[in-house]
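Listing of final_28.cif, mmCIF, C-alpha atoms
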data_run
#
loop_
_atom_site.label_atom_id
_atom_site.label_comp_id
_atom_site.auth_asym_id
_atom_site.auth_seq_id
_atom_site.Cartn_x
_atom_site.Cartn_y
_atom_site.Cartn_z
CA MET A 1 -27.63 105.82 32.71
CA LYS A 2 -24.54 107.80 33.69
CA ASP A 3 -26.32 111.17 33.91
CA THR A 4 -27.88 112.33 37.16
CA PRO A 5 -31.65 112.21 36.79
CA LEU A 6 -33.89 114.97 38.04
CA ALA A 7 -36.51 114.04 40.65
CA ILE A 8 -39.58 116.27 40.61
CA VAL A 9 -41.19 115.89 44.02
CA LEU A 10 -44.77 117.18 44.21
CA ALA A 11 -45.29 118.67 47.67
CA ALA A 12 -47.72 121.54 47.12
CA GLY A 13 -50.71 119.77 48.65
CA LEU A 14 -52.51 121.31 51.61
CA SER A 15 -53.50 119.62 54.87
CA THR A 16 -57.24 120.00 54.30
CA ARG A 17 -58.13 116.37 54.95
CA MET A 18 -55.49 116.13 57.68
CA LYS A 19 -57.42 118.90 59.51
CA SER A 20 -54.07 120.49 60.26
CA LYS A 21 -52.23 123.81 59.98
CA ILE A 22 -49.00 121.89 59.43
CA PRO A 23 -48.22 121.22 55.74
CA LYS A 24 -49.11 117.62 54.98
CA VAL A 25 -45.62 116.62 53.87
CA LEU A 26 -44.18 117.83 57.20
CA HIS A 27 -46.27 115.54 59.37
CA PRO A 28 -43.91 113.11 61.14
CA LEU A 29 -43.67 109.43 60.28
CA ALA A 30 -41.18 107.12 62.03
CA GLY A 31 -39.20 110.08 63.32
CA ARG A 32 -38.96 112.02 60.04
CA PRO A 33 -41.30 114.29 58.08
CA LEU A 34 -43.14 112.51 55.28
CA LEU A 35 -41.21 114.46 52.68
CA ALA A 36 -37.85 113.50 54.23
CA HIS A 37 -38.56 109.82 53.48
CA VAL A 38 -39.30 110.65 49.84
CA LEU A 39 -36.17 112.79 49.54
CA GLU A 40 -34.06 109.96 50.93
CA THR A 41 -35.57 107.61 48.36
CA VAL A 42 -34.85 109.80 45.34
CA ARG A 43 -31.32 110.49 46.54
CA ALA A 44 -30.75 106.77 47.01
CA ALA A 45 -31.89 106.34 43.41
CA GLY A 46 -29.11 108.73 42.36
CA ALA A 47 -31.40 111.67 41.56
CA ARG A 48 -31.23 115.38 42.34
CA PRO A 49 -34.51 116.51 43.96
CA LEU A 50 -36.54 119.50 42.85
CA VAL A 51 -39.45 120.02 45.24
CA VAL A 52 -42.60 121.81 44.13
CA VAL A 53 -44.32 123.59 47.02
CA SER A 54 -47.22 125.99 47.43
CA LYS A 55 -47.16 129.17 49.51
CA GLU A 56 -48.76 127.20 52.33
CA SER A 57 -46.17 124.38 52.18
CA ALA A 58 -43.13 126.55 51.42
CA SER A 59 -41.50 125.66 54.75
CA ALA A 60 -41.02 122.13 53.41
CA GLY A 61 -38.19 123.44 51.24
CA ALA A 62 -35.99 123.65 54.34
CA LEU A 63 -35.67 119.85 54.29
CA LEU A 64 -33.44 120.07 51.22
CA ASP A 65 -30.64 121.70 53.24
CA GLY A 66 -28.99 123.01 50.10
CA ASP A 67 -29.23 119.69 48.25
CA GLY A 68 -31.63 120.28 45.38
CA GLY A 69 -34.03 123.04 44.40
CA VAL A 70 -37.45 124.46 45.24
CA ALA A 71 -40.15 125.70 42.88
CA VAL A 72 -43.30 127.47 44.10
CA GLN A 73 -46.64 126.67 42.47
CA ASP A 74 -48.88 129.70 43.01
CA PRO A 75 -51.72 129.13 42.78
CA PRO A 76 -51.88 125.32 42.93
CA ARG A 77 -53.58 124.18 39.73
CA GLY A 78 -53.05 120.43 39.82
CA THR A 79 -50.22 117.96 39.42
CA GLY A 80 -49.65 118.59 35.72
CA ASP A 81 -49.23 122.30 36.36
CA ALA A 82 -46.83 121.48 39.22
CA VAL A 83 -44.60 119.62 36.76
CA ARG A 84 -44.69 122.62 34.41
CA VAL A 85 -43.59 124.88 37.29
CA ALA A 86 -40.80 122.44 38.15
CA LEU A 87 -39.46 122.35 34.60
CA ALA A 88 -39.32 126.14 34.52
CA SER A 89 -36.93 125.93 37.50
CA ALA A 90 -34.94 122.93 36.30
CA ASN A 91 -32.09 124.99 34.79
CA GLY A 92 -31.97 123.15 31.50
CA ALA A 93 -31.77 119.64 32.97
CA THR A 94 -31.64 116.88 30.36
CA GLY A 95 -31.93 113.12 30.29
CA THR A 96 -34.38 111.39 32.60
CA ALA A 97 -36.68 112.71 35.31
CA TYR A 98 -38.56 110.96 38.06
CA ILE A 99 -41.90 112.37 39.14
CA VAL A 100 -43.03 111.35 42.63
CA TYR A 101 -45.39 112.59 45.31
CA GLY A 102 -44.13 114.02 48.59
CA ASP A 103 -46.72 112.07 50.56
CA THR A 104 -45.70 108.55 49.40
CA PRO A 105 -43.07 107.62 52.02
CA LEU A 106 -43.02 103.90 51.22
CA LEU A 107 -41.75 104.21 47.66
CA ARG A 108 -38.42 102.39 47.21
CA ALA A 109 -35.29 103.60 45.44
CA GLU A 110 -34.90 100.32 43.59
CA THR A 111 -38.38 100.80 42.12
CA LEU A 112 -37.39 104.16 40.67
CA ARG A 113 -34.30 102.59 39.16
CA ARG A 114 -36.47 99.87 37.60
CA LEU A 115 -38.75 102.52 36.09
CA ARG A 116 -35.75 104.26 34.56
CA SER A 117 -34.37 101.00 33.18
CA LEU A 118 -37.79 100.13 31.76
CA LEU A 119 -37.99 103.56 30.12
CA GLU A 120 -34.74 102.89 28.28
CA THR A 121 -35.19 99.21 27.42
CA ARG A 122 -38.71 99.76 26.06
CA GLY A 123 -37.75 102.94 24.22
CA ALA A 124 -40.61 104.67 26.00
CA ALA A 125 -41.28 108.34 26.68
CA LEU A 126 -42.90 107.52 30.01
CA ALA A 127 -42.81 104.63 32.48
CA ILE A 128 -45.33 104.43 35.31
CA LEU A 129 -45.64 102.41 38.51
CA THR A 130 -48.73 100.24 38.76
CA GLY A 131 -50.13 97.56 41.04
CA GLU A 132 -53.14 95.31 41.39
CA VAL A 133 -54.85 96.90 44.36
CA GLY A 134 -58.34 95.60 43.70
CA THR A 135 -61.35 97.46 42.35
CA ASP A 136 -62.61 99.29 45.45
CA ASN A 137 -60.29 102.30 45.43
CA ALA A 138 -59.88 105.81 44.02
CA TYR A 139 -56.76 105.10 41.98
CA GLY A 140 -56.73 105.68 38.23
CA ARG A 141 -57.31 102.47 36.27
CA VAL A 142 -54.65 101.29 33.84
CA VAL A 143 -55.78 100.25 30.35
CA ARG A 144 -53.08 98.34 28.43
CA ASP A 145 -52.74 97.82 24.70
CA ALA A 146 -52.06 94.59 22.83
CA ALA A 147 -48.27 95.01 23.22
CA GLY A 148 -48.58 95.24 26.99
CA ASP A 149 -47.84 98.95 27.13
CA VAL A 150 -50.19 101.48 28.69
CA ALA A 151 -52.86 102.84 26.38
CA ARG A 152 -54.36 105.22 28.92
CA VAL A 153 -55.08 105.80 32.59
CA VAL A 154 -58.67 106.60 33.50
CA GLU A 155 -59.37 108.53 36.70
CA ALA A 156 -61.64 106.43 38.91
CA ARG A 157 -64.39 109.04 39.04
CA LEU A 158 -64.46 109.24 35.23
CA ALA A 159 -64.18 105.49 34.57
CA THR A 160 -66.97 103.41 33.10
CA PRO A 161 -68.26 100.46 35.14
CA GLU A 162 -66.14 98.13 33.00
CA GLU A 163 -63.03 100.27 33.50
CA ARG A 164 -63.58 100.43 37.26
CA ARG A 165 -63.42 96.64 37.34
CA LEU A 166 -59.88 96.65 35.91
CA PRO A 167 -57.56 95.28 38.64
CA GLU A 168 -54.46 97.29 37.74
CA SER A 169 -54.14 100.86 39.00
CA ASN A 170 -51.72 103.75 38.68
CA LEU A 171 -49.66 104.12 41.90
CA GLY A 172 -48.28 107.55 41.09
CA ALA A 173 -44.53 107.29 40.41
CA TYR A 174 -43.00 107.96 37.00
CA ALA A 175 -39.81 107.99 34.98
CA VAL A 176 -39.95 110.22 31.93
CA ASP A 177 -37.79 111.45 29.09
CA LEU A 178 -37.17 115.12 29.87
CA ALA A 179 -36.96 116.29 26.28
CA TRP A 180 -40.38 114.83 25.50
CA LEU A 181 -41.81 116.03 28.85
CA ARG A 182 -40.88 119.64 28.08
CA SER A 183 -42.83 119.52 24.84
CA ALA A 184 -45.80 117.61 26.24
CA VAL A 185 -46.46 119.39 29.51
CA GLY A 186 -47.35 122.64 27.75
CA ARG A 187 -50.11 120.84 25.86
CA LEU A 188 -51.94 119.72 28.99
CA ARG A 189 -55.27 121.46 29.49
CA PRO A 190 -57.42 122.03 32.58
CA ASN A 191 -60.34 119.70 33.20
CA GLU A 192 -63.79 120.83 34.30
CA THR A 193 -62.48 121.53 37.83
CA GLY A 194 -59.79 123.86 36.51
CA GLU A 195 -56.99 121.48 37.44
CA ILE A 196 -54.32 120.08 35.11
CA TYR A 197 -53.75 116.37 35.72
CA LEU A 198 -50.35 114.74 35.45
CA THR A 199 -51.98 111.51 34.24
CA ASP A 200 -53.04 113.31 31.04
CA LEU A 201 -49.40 112.94 29.95
CA ILE A 202 -50.21 109.34 29.07
CA ALA A 203 -52.78 110.43 26.49
CA GLU A 204 -50.26 112.95 25.11
CA ALA A 205 -47.68 110.21 24.69
CA THR A 206 -50.19 108.05 22.83
CA ARG A 207 -51.06 110.93 20.50
CA ASP A 208 -47.34 111.45 19.85
CA GLY A 209 -46.96 107.78 18.98
CA LYS A 210 -44.74 107.22 22.02
CA ARG A 211 -44.69 104.12 24.18
CA VAL A 212 -45.81 104.23 27.82
CA ALA A 213 -44.32 101.36 29.79
CA ALA A 214 -45.46 100.12 33.20
CA HIS A 215 -43.72 98.40 36.08
CA ARG A 216 -46.19 96.38 38.14
CA THR A 217 -44.98 96.16 41.73
CA ALA A 218 -45.88 93.33 44.07
CA ASP A 219 -45.37 95.66 47.07
CA LEU A 220 -48.59 97.63 47.00
CA GLU A 221 -47.52 99.71 49.99
CA GLU A 222 -45.24 101.65 47.64
CA GLY A 223 -48.24 103.48 46.28
CA MET A 224 -49.71 104.28 49.69
CA GLY A 225 -50.36 108.01 49.80
CA VAL A 226 -51.17 110.00 52.91
CA ASN A 227 -54.20 112.29 52.79
CA THR A 228 -55.77 111.78 56.23
CA ARG A 229 -54.49 110.93 59.68
CA VAL A 230 -55.91 107.46 59.17
CA ASP A 231 -53.64 107.14 56.12
CA LEU A 232 -50.74 108.48 58.18
CA ALA A 233 -51.23 105.83 60.85
CA ALA A 234 -51.40 103.07 58.23
CA ALA A 235 -48.23 104.32 56.52
CA GLU A 236 -46.43 104.58 59.84
CA ALA A 237 -47.31 101.00 60.75
CA ALA A 238 -46.00 99.80 57.38
CA MET A 239 -42.81 101.87 57.65
CA ARG A 240 -42.05 100.69 61.18
CA ARG A 241 -42.52 97.07 60.10
CA ARG A 242 -40.02 97.64 57.28
CA ILE A 243 -37.55 99.19 59.71
CA ARG A 244 -37.77 96.29 62.17
CA ASP A 245 -37.50 93.73 59.40
CA ALA A 246 -34.35 95.41 58.06
CA HIS A 247 -32.75 95.34 61.51
CA MET A 248 -33.64 91.69 62.05
CA LEU A 249 -32.23 90.71 58.66
CA ALA A 250 -29.03 92.51 59.70
CA GLY A 251 -28.67 90.42 62.88
CA VAL A 252 -30.75 92.19 65.55
CA THR A 253 -33.17 90.19 67.71
CA PHE A 254 -36.64 91.56 68.47
CA ARG A 255 -38.42 89.46 71.10
CA ASP A 256 -41.85 90.84 70.17
CA PRO A 257 -41.44 92.97 67.03
CA ASP A 258 -45.00 94.26 66.78
CA SER A 259 -44.82 95.79 70.26
CA CYS A 260 -41.66 97.82 69.47
CA GLN A 261 -41.27 101.16 67.70
CA VAL A 262 -38.01 102.08 65.99
CA ASP A 263 -37.46 105.37 64.17
CA ALA A 264 -35.89 105.52 60.74
CA ASP A 265 -32.62 107.11 61.92
CA VAL A 266 -31.94 104.59 64.72
CA THR A 267 -28.80 102.44 64.37
CA ILE A 268 -28.66 98.99 65.99
CA ALA A 269 -25.58 96.76 65.80
CA PRO A 270 -25.84 92.99 65.16
CA GLU A 271 -26.36 90.75 68.20
CA ALA A 272 -28.29 93.42 70.08
CA VAL A 273 -31.57 92.26 71.66
CA ILE A 274 -34.65 94.49 71.73
CA GLU A 275 -37.21 93.32 74.26
CA ARG A 276 -41.00 93.74 74.25
CA GLY A 277 -42.50 97.24 74.36
CA THR A 278 -39.28 99.13 73.62
CA ILE A 279 -39.34 102.51 71.84
CA LEU A 280 -36.21 103.76 70.09
CA GLU A 281 -36.46 107.33 68.80
CA GLY A 282 -34.42 109.98 67.00
CA LYS A 283 -30.77 109.23 66.34
CA THR A 284 -30.40 106.54 68.99
CA ARG A 285 -27.50 104.11 68.53
CA ILE A 286 -27.31 100.65 70.14
CA GLY A 287 -24.04 98.72 70.37
CA ALA A 288 -23.45 95.02 69.74
CA GLY A 289 -24.54 92.61 72.44
CA SER A 290 -26.66 95.13 74.33
CA ARG A 291 -30.12 94.28 75.64
CA ILE A 292 -32.72 97.02 75.63
CA GLY A 293 -36.04 96.60 77.44
CA PRO A 294 -38.54 95.37 78.13
CA TYR A 295 -40.48 98.64 78.06
CA ALA A 296 -37.52 100.98 77.65
CA ILE A 297 -37.70 104.37 75.91
CA LEU A 298 -34.49 105.69 74.33
CA ARG A 299 -34.45 109.05 72.56
CA ASP A 300 -31.33 110.43 70.85
CA THR A 301 -29.21 108.19 73.08
CA THR A 302 -25.97 106.30 72.43
CA VAL A 303 -25.56 102.88 74.06
CA GLY A 304 -22.25 101.04 73.92
CA GLU A 305 -21.64 97.30 73.67
CA ARG A 306 -22.89 94.69 76.15
CA CYS A 307 -25.11 97.15 78.03
CA THR A 308 -28.44 96.41 79.71
CA VAL A 309 -31.26 98.97 79.88
CA GLU A 310 -34.39 97.63 81.54
CA ASN A 311 -37.72 99.45 81.76
CA SER A 312 -36.13 102.91 81.87
CA THR A 313 -36.22 106.21 79.96
CA LEU A 314 -33.04 107.65 78.44
CA GLU A 315 -33.02 111.03 76.68
CA GLY A 316 -29.92 112.54 75.12
CA ALA A 317 -27.69 110.23 77.17
CA THR A 318 -24.47 108.36 76.44
CA LEU A 319 -23.51 104.94 77.82
CA GLU A 320 -20.10 103.43 77.30
CA ASP A 321 -19.67 99.64 77.21
CA GLU A 322 -20.99 97.27 79.92
CA VAL A 323 -23.29 99.76 81.63
CA THR A 324 -26.44 98.51 83.38
CA ILE A 325 -29.52 100.68 83.89
CA GLY A 326 -32.83 100.08 85.67
CA PRO A 327 -35.44 99.11 86.08
CA TYR A 328 -37.38 102.38 86.40
CA SER A 329 -34.51 104.83 86.02
CA HIS A 330 -34.31 108.09 84.07
CA LEU A 331 -31.32 109.54 82.23
CA ARG A 332 -31.88 113.10 81.06
CA PRO A 333 -29.90 115.13 78.50
CA GLY A 334 -26.19 115.35 79.21
CA ALA A 335 -26.00 112.14 81.25
CA TYR A 336 -22.75 110.31 80.45
CA LEU A 337 -22.03 106.94 82.08
CA GLU A 338 -18.59 105.48 81.56
CA ARG A 339 -17.68 101.81 81.24
CA GLY A 340 -19.06 99.49 83.89
CA VAL A 341 -21.34 102.00 85.66
CA ALA A 342 -24.31 100.33 87.37
CA MET A 343 -27.48 102.34 87.97
CA GLY A 344 -30.38 100.60 89.65
CA ASN A 345 -34.06 101.31 90.14
CA PHE A 346 -35.58 104.77 90.53
CA GLY A 347 -32.37 106.69 89.88
CA GLU A 348 -32.07 109.87 87.84
CA VAL A 349 -29.02 111.47 86.22
CA LYS A 350 -28.99 114.82 84.41
CA ASN A 351 -26.06 116.71 82.85
CA ALA A 352 -23.59 114.63 84.84
CA ARG A 353 -20.71 112.25 84.18
CA LEU A 354 -20.35 109.05 86.19
CA ARG A 355 -16.90 107.59 85.68
CA LYS A 356 -15.76 103.98 85.37
CA GLY A 357 -17.10 101.46 87.82
CA THR A 358 -19.32 103.82 89.81
CA LYS A 359 -22.41 102.28 91.45
CA MET A 360 -25.66 104.19 91.92
CA HIS A 361 -28.04 101.46 92.85
CA HIS A 362 -31.37 103.06 93.76
CA PHE A 363 -33.50 106.06 94.73
CA SER A 364 -30.93 108.77 93.97
CA TYR A 365 -30.67 111.96 91.92
CA VAL A 366 -27.37 113.18 90.46
CA GLY A 367 -27.58 116.39 88.44
CA ASP A 368 -24.91 118.81 87.22
CA ALA A 369 -22.15 116.66 88.68
CA ASP A 370 -18.81 115.06 87.95
CA VAL A 371 -18.52 111.73 89.76
CA GLY A 372 -15.19 109.92 89.87
CA GLU A 373 -14.32 106.27 89.34
CA ARG A 374 -15.50 103.46 91.64
CA VAL A 375 -17.75 105.74 93.68
CA ASN A 376 -20.57 104.21 95.72
CA ILE A 377 -23.68 106.41 95.75
CA GLY A 378 -26.01 105.28 98.52
CA ALA A 379 -29.78 105.12 98.33
CA GLY A 380 -31.55 108.46 98.64
CA THR A 381 -28.52 110.57 97.69
CA ILE A 382 -29.42 113.92 96.13
CA THR A 383 -27.27 116.61 94.58
CA LEU A 384 -28.98 119.91 95.40
CA ASN A 385 -27.90 121.59 92.19
CA TYR A 386 -30.38 124.46 91.88
CA ASP A 387 -30.34 127.39 94.30
CA GLY A 388 -33.33 129.14 92.75
CA VAL A 389 -31.17 131.27 90.46
CA ARG A 390 -28.48 129.10 88.88
CA LYS A 391 -27.44 125.48 88.45
CA ASN A 392 -24.34 124.60 90.50
CA ARG A 393 -22.04 121.61 90.15
CA THR A 394 -21.06 118.84 92.51
CA THR A 395 -17.70 117.06 92.22
CA ILE A 396 -17.03 113.66 93.81
CA GLY A 397 -13.55 112.17 93.69
CA ASP A 398 -12.48 108.60 92.89
CA ASP A 399 -13.32 105.86 95.43
CA ALA A 400 -15.59 108.09 97.51
CA PHE A 401 -18.41 106.50 99.52
CA ILE A 402 -21.61 108.54 99.64
CA GLY A 403 -23.82 107.26 102.44
CA SER A 404 -27.55 106.74 102.12
CA ASP A 405 -29.72 109.88 102.24
CA THR A 406 -26.75 112.21 101.77
CA LEU A 407 -27.67 115.69 100.55
CA LEU A 408 -24.93 117.47 98.63
CA ARG A 409 -25.61 121.22 98.41
CA ALA A 410 -23.80 122.47 95.34
CA PRO A 411 -21.34 123.90 94.65
CA VAL A 412 -19.48 121.35 96.72
CA THR A 413 -16.62 118.86 96.37
CA VAL A 414 -16.22 115.50 98.07
CA GLY A 415 -12.57 114.52 97.84
CA ALA A 416 -11.14 111.27 96.58
CA GLY A 417 -11.48 108.40 99.04
CA ALA A 418 -13.78 110.43 101.33
CA THR A 419 -16.94 109.16 103.06
CA THR A 420 -20.23 110.79 104.01
CA GLY A 421 -22.35 109.27 106.75
CA ALA A 422 -25.96 108.29 106.32
CA GLY A 423 -28.22 111.35 106.36
CA ALA A 424 -25.33 113.82 106.05
CA VAL A 425 -26.10 117.29 104.72
CA VAL A 426 -22.90 118.35 103.00
CA THR A 427 -22.64 122.14 102.63
CA LYS A 428 -18.84 122.44 102.61
CA ASP A 429 -16.11 120.58 100.76
CA VAL A 430 -15.03 117.26 102.28
CA PRO A 431 -11.23 116.79 102.11
CA GLU A 432 -9.72 113.71 100.51
CA GLY A 433 -9.81 110.62 102.67
CA MET A 434 -12.00 112.18 105.40
CA VAL A 435 -15.31 111.06 106.93
CA ALA A 436 -18.07 113.70 107.14
CA VAL A 437 -21.24 113.20 109.21
CA GLY A 438 -24.12 115.27 110.59
CA MET A 439 -26.39 118.16 109.61
CA PRO A 440 -24.52 120.13 108.44
CA ALA A 441 -21.81 117.56 107.86
CA ARG A 442 -18.42 117.91 109.57
CA ALA A 443 -15.21 116.05 108.79
CA ILE A 444 -14.46 114.03 111.95
CA LYS A 445 -11.72 111.57 111.08
CA LYS A 446 -9.53 110.21 108.35
CA ALA A 447 -10.62 106.97 106.68
CA ASP A 448 -9.20 107.03 103.16
CA ARG A 449 -11.02 104.56 100.87
CA ARG A 450 -8.68 104.98 97.89
CA LYS A 451 -6.89 101.95 96.57
CA LYS A 452 -3.23 102.00 97.62
CA GLY A 453 -1.79 99.99 94.82
CA PRO A 454 -2.36 96.81 92.84
#
Could you take the file, read its structure, and then write that structure out as structure tokens?
Amino acid sequence: MKDTPLAIVLAAGLSTRMKSKIPKVLHPLAGRPLLAHVLETVRAAGARPLVVVSKESASAGALLDGDGGVAVQDPPRGTGDAVRVALASANGATGTAYIVYGDTPLLRAETLRRLRSLLETRGAALAILTGEVGTDNAYGRVVRDAAGDVARVVEARLATPEERRLPESNLGAYAVDLAWLRSAVGRLRPNETGEIYLTDLIAEATRDGKRVAAHRTADLEEGMGVNTRVDLAAAEAAMRRRIRDAHMLAGVTFRDPDSCQVDADVTIAPEAVIERGTILEGKTRIGAGSRIGPYAILRDTTVGERCTVENSTLEGATLEDEVTIGPYSHLRPGAYLERGVAMGNFGEVKNARLRKGTKMHHFSYVGDADVGERVNIGAGTITLNYDGVRKNRTTIGDDAFIGSDTLLRAPVTVGAGATTGAGAVVTKDVPEGMVAVGMPARAIKKADRRKKGP
């Protein structure tokens, strides 16, 4: 098992039943396209992916990002023909191949490894994934022989009433000996619909006197394919449950797991607490000891350790350690809050850096700004950053005190230790240590707020 297996990923299906112009395998699930989940699985199993696409789904090949290959099936003539097309592009690969579907996001890497091990230990040409999913389904029924190997798989629509009552079904993942596959796939013939079925390989193996082994999984979700938006919703619910469970087993607390949504690429450190109704999307990262929620939305945001984010929305933001946010605040892309910043209710920050210890308690907007350390931003403060043509920046020095309802018309600088009076409209720079009041604001006296030593 030292060689790198090939993984043939069948992704040529259309979105007919999805009622969509988007290729089926590119529909998002838990923050990733369906196909991306499958690619992660085969890579985790140590395989090199080769994705079979149609002209309509060719854009799915971009997900490989140089890691693997793409083969185009034109026209699509069934899953068996897709494997033939893949082998023609496989550049002489030898050893073992996996064959999986691009719309089965819940398949596990360890299951593929078990199929490969079973292939070798049973001396089989083919090993298939099966499960007891009941009798009311469209899966092919598995018929076993006296030795416990697979004698054949009967498509549900072609099965006899007795065969339809068989409890074990084919879940659509395979490990196969490549040398045998190359010889067998050319012998597959179209059925009455003109399609060539992959499952006909089982009959070919039997005719060749080869064994077909089966791994029966207890996790029936592994075989869950996505053909409709109803299927997509069911698969997403299952995937999100897996994601939450993995985080909880790693030391994260979810107060009400079923009410929370966590994307596949989210990272949460142990001892973090995720409260009810929280949504964590994209590449969000949560540090140890932080509490997120209730009802917080974080998208592509980094949160340090021991932070609190309550009932707020953060997009493309960064929080250092011991930052508190909310409730009802909004951090937009480019917001960067340094250690110990406190931001209260109904505040908004965009493309701005608030430095250590700054307080912005409520009803304020800070955009396109650089705010120093230990600054107090009073209620109703607004940086007027847009002049109708360009975005301009505001700079506030360390230890400044910005009075309530201050308007800062950018570009403008408030010096270190300076103060603005309540309702001030600041249109000119305020020197360090000065007090500015009025509309427009004027510097009237010196009252330096900077710390003078330890």
* To do: Could you tell me which residues the PyMOL selection byres ((chain A and resi 29-35) around 8) grabs in this file, written as a list of chain:residue names?
  =>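 Listing what the PyMOL selection byres ((chain A and resi 29-35) around 8) selects in the shown file: A:Ala11, A:Lys24, A:Val25, A:Leu26, A:His27, A:Pro28, A:Ala36, A:His37, A:Val38, A:Leu39, A:Ala60, A:Leu63, A:Gly102, A:Asp103, A:Thr104, A:Pro105, A:Leu232, A:Ala235, A:Glu236, A:Met239, A:Arg240, A:Val262, A:Asp263, A:Ala264, A:Asp265, A:Glu281, A:Gly282.
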Take the residues just selected and output them with C-alpha atoms as a PDB file, keeping the file's coordinate frame.
ATOM      1  CA  ALA A  11     -45.290 118.670  47.670  1.00  0.00           C
ATOM      2  CA  LYS A  24     -49.110 117.620  54.980  1.00  0.00           C
ATOM      3  CA  VAL A  25     -45.620 116.620  53.870  1.00  0.00           C
ATOM      4  CA  LEU A  26     -44.180 117.830  57.200  1.00  0.00           C
ATOM      5  CA  HIS A  27     -46.270 115.540  59.370  1.00  0.00           C
ATOM      6  CA  PRO A  28     -43.910 113.110  61.140  1.00  0.00           C
ATOM      7  CA  ALA A  36     -37.850 113.500  54.230  1.00  0.00           C
ATOM      8  CA  HIS A  37     -38.560 109.820  53.480  1.00  0.00           C
ATOM      9  CA  VAL A  38     -39.300 110.650  49.840  1.00  0.00           C
ATOM     10  CA  LEU A  39     -36.170 112.790  49.540  1.00  0.00           C
ATOM     11  CA  ALA A  60     -41.020 122.130  53.410  1.00  0.00           C
ATOM     12  CA  LEU A  63     -35.670 119.850  54.290  1.00  0.00           C
ATOM     13  CA  GLY A 102     -44.130 114.020  48.590  1.00  0.00           C
ATOM     14  CA  ASP A 103     -46.720 112.070  50.560  1.00  0.00           C
ATOM     15  CA  THR A 104     -45.700 108.550  49.400  1.00  0.00           C
ATOM     16  CA  PRO A 105     -43.070 107.620  52.020  1.00  0.00           C
ATOM     17  CA  LEU A 232     -50.740 108.480  58.180  1.00  0.00           C
ATOM     18  CA  ALA A 235     -48.230 104.320  56.520  1.00  0.00           C
ATOM     19  CA  GLU A 236     -46.430 104.580  59.840  1.00  0.00           C
ATOM     20  CA  MET A 239     -42.810 101.870  57.650  1.00  0.00           C
ATOM     21  CA  ARG A 240     -42.050 100.690  61.180  1.00  0.00           C
ATOM     22  CA  VAL A 262     -38.010 102.080  65.990  1.00  0.00           C
ATOM     23  CA  ASP A 263     -37.460 105.370  64.170  1.00  0.00           C
ATOM     24  CA  ALA A 264     -35.890 105.520  60.740  1.00  0.00           C
ATOM     25  CA  ASP A 265     -32.620 107.110  61.920  1.00  0.00           C
ATOM     26  CA  GLU A 281     -36.460 107.330  68.800  1.00  0.00           C
ATOM     27  CA  GLY A 282     -34.420 109.980  67.000  1.00  0.00           C
TER      28      GLY A 282
END
* Could you tell me how far CA of Leu106 in chain A lies from CA of Gly131 in chain A, in Å and to one decimal? => 13.9 Å
Show which residues sit within 10 Å of range 132-142 of chain A, as a tab-separated table (two decimals) with C-alpha atoms, in the frame of the given file. Count only C-alpha atoms, and ignore same-chain residues fewer than 4 positions away.
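And here's out-v3.tsv as it stands now:
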chain	number	residue	atom	x	y	z
A	128	ILE	CA	-45.33	104.43	35.31
A	149	ASP	CA	-47.84	98.95	27.13
A	150	VAL	CA	-50.19	101.48	28.69
A	151	ALA	CA	-52.86	102.84	26.38
A	152	ARG	CA	-54.36	105.22	28.92
A	153	VAL	CA	-55.08	105.80	32.59
A	154	VAL	CA	-58.67	106.60	33.50
A	155	GLU	CA	-59.37	108.53	36.70
A	156	ALA	CA	-61.64	106.43	38.91
A	157	ARG	CA	-64.39	109.04	39.04
A	158	LEU	CA	-64.46	109.24	35.23
A	159	ALA	CA	-64.18	105.49	34.57
A	163	GLU	CA	-63.03	100.27	33.50
A	164	ARG	CA	-63.58	100.43	37.26
A	165	ARG	CA	-63.42	96.64	37.34
A	166	LEU	CA	-59.88	96.65	35.91
A	167	PRO	CA	-57.56	95.28	38.64
A	168	GLU	CA	-54.46	97.29	37.74
A	169	SER	CA	-54.14	100.86	39.00
A	170	ASN	CA	-51.72	103.75	38.68
A	171	LEU	CA	-49.66	104.12	41.90
A	172	GLY	CA	-48.28	107.55	41.09
A	199	THR	CA	-51.98	111.51	34.24
A	214	ALA	CA	-45.46	100.12	33.20
A	216	ARG	CA	-46.19	96.38	38.14
A	217	THR	CA	-44.98	96.16	41.73
A	218	ALA	CA	-45.88	93.33	44.07
A	219	ASP	CA	-45.37	95.66	47.07
A	220	LEU	CA	-48.59	97.63	47.00
A	221	GLU	CA	-47.52	99.71	49.99
A	223	GLY	CA	-48.24	103.48	46.28
Assuming the chain letters and numbering stay as they are in my file, what does the PyMOL selection byres ((chain A and resi 272) around 6) actually select? List them as a PDB file with C-alpha atoms, keeping the file's coordinate frame.
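After the write, result.pdb holds the following:
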ATOM      1  CA  VAL A 252     -30.750  92.190  65.550  1.00  0.00           C
ATOM      2  CA  PRO A 270     -25.840  92.990  65.160  1.00  0.00           C
ATOM      3  CA  GLU A 271     -26.360  90.750  68.200  1.00  0.00           C
ATOM      4  CA  VAL A 273     -31.570  92.260  71.660  1.00  0.00           C
ATOM      5  CA  ALA A 288     -23.450  95.020  69.740  1.00  0.00           C
ATOM      6  CA  GLY A 289     -24.540  92.610  72.440  1.00  0.00           C
ATOM      7  CA  SER A 290     -26.660  95.130  74.330  1.00  0.00           C
ATOM      8  CA  ARG A 291     -30.120  94.280  75.640  1.00  0.00           C
TER       9      ARG A 291
END
